[in-house]
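Okay, protein-v9.txt is below, compact mmCIF, C-alpha atoms and all ligand atoms:
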```
# COMPACT_ATOMS: atom_id res chain seq x y z
CA MET A 1005 88.01 142.38 96.12
CA LYS A 1006 90.23 141.45 99.04
CA LYS A 1007 90.39 137.88 97.75
CA LEU A 1008 91.54 139.17 94.36
CA TYR A 1009 94.33 141.18 95.97
CA THR A 1010 95.38 138.13 97.95
CA LEU A 1011 95.43 136.05 94.78
CA ILE A 1012 97.46 138.65 92.86
CA PHE A 1013 99.90 138.92 95.75
CA ALA A 1014 100.32 135.15 95.90
CA VAL A 1015 100.97 134.96 92.16
CA ILE A 1016 103.59 137.72 92.31
CA CYS A 1017 105.32 136.07 95.27
CA THR A 1018 105.41 132.79 93.39
CA LEU A 1019 106.85 134.45 90.30
CA LEU A 1020 109.56 136.13 92.38
CA SER A 1021 110.56 132.93 94.12
CA ILE A 1022 110.97 130.61 91.14
CA ASN A 1023 113.99 130.32 88.90
CA VAL A 1024 112.44 130.39 85.44
CA ASN A 1025 115.65 129.06 83.93
CA ALA A 1026 115.95 126.05 86.25
CA THR A 1027 117.67 123.16 84.58
CA THR A 1028 118.71 119.63 85.43
CA ILE A 1029 122.44 119.04 85.67
CA ASN A 1030 123.49 115.45 85.06
CA VAL A 1031 126.47 113.90 86.81
CA GLN A 1032 127.69 110.39 86.03
CA VAL A 1033 128.77 108.23 88.94
CA GLY A 1034 131.49 105.62 88.45
CA THR A 1035 133.09 106.93 85.27
CA ASN A 1036 135.31 109.78 84.18
CA GLY A 1037 133.59 109.80 80.81
CA THR A 1038 136.00 107.39 79.12
CA SER A 1039 136.64 104.62 81.63
CA THR A 1040 134.82 103.29 84.66
CA GLY A 1041 136.25 103.79 88.12
CA ASN A 1042 135.97 105.87 91.23
CA PHE A 1043 134.94 109.11 89.57
CA PHE A 1044 132.18 111.66 89.31
CA ASN A 1045 131.80 113.13 85.82
CA PRO A 1046 132.02 116.07 85.79
CA THR A 1047 133.92 116.53 89.04
CA SER A 1048 132.85 120.14 89.41
CA PHE A 1049 130.38 122.48 87.76
CA SER A 1050 128.48 125.71 88.19
CA ALA A 1051 124.76 125.89 88.86
CA VAL A 1052 121.96 128.31 89.66
CA VAL A 1053 119.68 128.18 92.68
CA GLY A 1054 116.62 126.21 91.61
CA ASP A 1055 118.59 123.82 89.42
CA VAL A 1056 118.30 120.10 90.08
CA VAL A 1057 121.43 117.96 90.18
CA THR A 1058 120.83 114.36 89.12
CA TRP A 1059 123.53 111.75 89.67
CA THR A 1060 123.20 108.58 87.60
CA LEU A 1061 125.05 105.39 88.46
CA ILE A 1062 127.12 104.16 85.52
CA ASN A 1063 129.21 101.51 87.29
CA PRO A 1064 128.43 100.16 90.80
CA GLN A 1065 128.75 100.66 93.56
CA HIS A 1066 129.01 104.13 95.00
CA ASN A 1067 127.15 106.80 96.93
CA VAL A 1068 126.74 110.57 96.83
CA THR A 1069 127.19 112.15 100.25
CA SER A 1070 127.54 115.85 101.00
CA THR A 1071 130.53 116.89 103.11
CA SER A 1072 129.82 120.62 103.21
CA VAL A 1073 126.91 122.77 102.06
CA PRO A 1074 126.16 126.51 102.33
CA ALA A 1075 124.49 127.77 105.51
CA GLY A 1076 120.81 126.91 105.46
CA ALA A 1077 121.08 124.33 102.69
CA ALA A 1078 120.01 120.74 103.26
CA THR A 1079 122.68 118.07 103.35
CA PHE A 1080 122.23 115.10 101.03
CA SER A 1081 123.01 111.42 100.93
CA SER A 1082 121.98 108.98 98.22
CA GLY A 1083 122.59 105.84 100.20
CA THR A 1084 124.35 103.01 98.39
CA MET A 1085 123.70 103.08 94.65
CA THR A 1086 123.93 99.49 93.41
CA THR A 1087 121.88 99.21 90.22
CA VAL A 1088 123.22 100.69 86.99
CA GLY A 1089 121.00 103.55 85.93
CA VAL A 1090 119.68 104.36 89.40
CA GLN A 1091 119.43 108.09 90.00
CA PHE A 1092 119.62 110.46 92.93
CA SER A 1093 118.50 114.09 92.69
CA TYR A 1094 119.02 117.19 94.79
CA THR A 1095 117.37 120.58 94.30
CA ILE A 1096 119.67 123.51 94.99
CA THR A 1097 118.03 126.01 97.34
CA LYS A 1098 120.97 128.16 98.48
CA ALA A 1099 123.82 129.92 96.72
CA GLY A 1100 127.33 128.81 97.62
CA THR A 1101 129.70 125.89 97.31
CA TYR A 1102 128.66 122.29 97.85
CA ASN A 1103 131.21 119.52 98.36
CA TYR A 1104 130.44 115.83 98.29
CA ASP A 1105 132.12 112.47 97.98
CA CYS A 1106 131.55 108.77 97.73
CA THR A 1107 132.24 107.57 101.25
CA PHE A 1108 133.47 104.21 99.92
CA HIS A 1109 136.13 105.75 97.71
CA VAL A 1110 136.98 109.15 99.16
CA SER A 1111 140.48 107.84 99.93
CA SER A 1112 141.04 107.31 96.20
CA GLY A 1113 139.84 110.82 95.42
CA MET A 1114 136.19 110.22 94.53
CA THR A 1115 135.01 113.72 95.36
CA GLY A 1116 132.90 116.32 93.59
CA SER A 1117 131.71 119.87 94.06
CA PHE A 1118 129.50 122.51 92.56
CA THR A 1119 129.01 126.21 93.11
CA ALA A 1120 125.57 127.76 92.84
CA THR A 1121 124.73 131.39 92.24
CA GLY A 1122 121.39 132.97 93.08
CA GLY A 1123 118.47 132.57 90.69
CA LEU A 1124 117.27 135.73 88.88
CA GLY A 1125 119.89 137.77 90.72
CA ILE A 1126 117.65 138.24 93.74
CA ALA A 1127 119.49 137.79 97.01
CA ASP A 1128 118.02 135.74 99.80
CA PRO A 1129 115.83 137.97 101.92
CA SER A 1130 117.24 138.77 105.32
CA SER A 1131 115.28 137.54 108.30
CA ASP A 1132 113.87 141.00 109.03
CA LEU A 1133 112.59 141.53 105.49
CA SER A 1134 108.84 141.87 105.31
CA THR A 1135 106.35 142.70 102.62
CA ASP A 1136 103.23 144.81 102.93
CA ALA A 1137 100.44 144.83 100.39
CA PHE A 1138 97.47 147.13 100.78
CA PRO A 1139 94.78 148.61 98.55
CA VAL A 1140 94.45 152.35 98.15
CA PRO A 1141 90.82 153.33 98.87
CA CYS A 1142 90.64 156.34 96.56
CA ILE A 1143 92.30 154.81 93.47
CA ASP A 1144 92.01 151.43 91.83
CA LYS A 1145 95.54 150.29 92.72
CA ILE A 1146 97.30 148.02 95.13
CA ILE A 1147 100.68 148.86 96.61
CA PHE A 1148 103.41 146.39 97.40
CA LYS A 1149 106.08 147.61 99.77
CA TYR A 1150 109.30 145.82 100.71
CA ASN A 1151 110.79 146.66 104.05
CA GLY A 1152 114.31 145.38 104.20
CU CU B 1201 132.52 105.16 95.13
```
Could I get this structure in the form of structure tokens?
Ligand SMILES: [Cu+2]
Amino acid sequence: MKKLYTLIFAVICTLLSINVNATTINVQVGTNGTSTGNFFNPTSFSAVVGDVVTWTLINPQHNVTSTSVPAGAATFSSGTMTTVGVQFSYTITKAGTYNYDCTFHVSSGMTGSFTATGGLGIADPSSDLSTDAFPVPCIDKIIFKYNG
């Protein structure tokens, strides 16, 4: 029975942690949508934690390099993208604003940004948040308790 409770708990934790509406957001690199050049298209957009941003090279050569990310988020760098069609992806794990540029062409304004909001409206747990799960001996129920 203890194994069953552990399994149920693991499933619930997994369901709470995923963004069921996660989508892929596509950004073109090297075009503004009508002509090639030192652009990201779109230059800015909104996202949800759990979404994946995929940059696709339209016209060489460029890179995608983060310049600022929210606290706790991983920085990212595509390296030099040289082959048309090559892609670089980043999974958003933290809410907040992300700024990036192409280090080759930042002086000509090749920058981009996106702002992510939390998935499912659940805030990141604070570091002192803990969860207890325990069976109740006299009834056929299990109790989950959040301390935070
Ligand atoms: Cu560039």
For Asp1055 (chain A), which residue out of A:Asn1151, A:Ser1134, A:Thr1095, A:Ser1111 is the nearest one, using only C-alpha atoms?
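Looking only at the distances to Asp1055 (chain A), the closest residue turns out to be A:Thr1095.
Straight-line separation from CA of Gly1054 (chain A) to CA of Gly1123 (chain A): 6.7 Å.
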Distance in Å - CA of Gly1083 (chain A) versus CA of Phe1118 (chain A):
19.6 Å
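Considering the residues A:Thr1087, A:Thr1121, A:Ser1072, A:Asn1042 and counting all atoms listed in the file, ligand CU 1201 (chain B) has its shortest atom-to-atom contact with A:Asn1042.
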Can you tell me, as an MDAnalysis selection string, what residues are no more than 12 Å from Ser1050 (chain A) when counting only C-alpha atoms, ignoring any on the same chain fewer than 6 positions away?
chainID A and resid 1027:1030 1056:1057 1096 1099:1102 1116:1122
Expected selection as a list in words for ligand CU 1201 (chain B) within 6 Å, all atoms listed in the file:
Asn1042, His1066, Asn1067, Cys1106, Phe1108 and His1109 of chain A
Select, from A:Thr1058, A:Gln1091, A:Asn1063, A:Asn1103, the residue with the minimum atom-to-atom distance to Asn1036 (chain A), counting all atoms listed in the file.
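Checking each of A:Thr1058, A:Gln1091, A:Asn1063, A:Asn1103 against Asn1036 (chain A), counting all atoms listed in the file, the winner is A:Asn1063.
Of the residues under consideration (A:Thr1107, A:Thr1079, A:Thr1115, A:Thr1086), A:Thr1115 shows the shortest atom-to-atom contact distance to Ser1048 (chain A) when counting only C-alpha atoms.
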Closest of A:Ile1147, A:Met1114, A:Val1031, A:Val1140 to Phe1049 (chain A) - atom-to-atom distances counting all atoms listed in the file
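For Phe1049 (chain A), the nearest of the given residues is A:Val1031.
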Counting only C-alpha atoms, which residues come within 7 Å of (126.7, 102.5, 87.3), with the point read in the file's coordinates, and could you list them as number ranges by chain?
A: 1033-1034, 1061-1065, 1087-1089
Rank A:Ser1039, A:Ser1112, A:Ser1082, A:Thr1097 by their smallest atom-to-atom distance to Ala1026 (chain A), using only C-alpha atoms, and report the top residue only.
A:Thr1097
In Å to one decimal, how far is CA of Thr1040 (chain A) from CA of Val1090 (chain A)?
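Calculated distance between CA of Val1090 (chain A) and CA of Thr1040 (chain A) is 15.9 Å.
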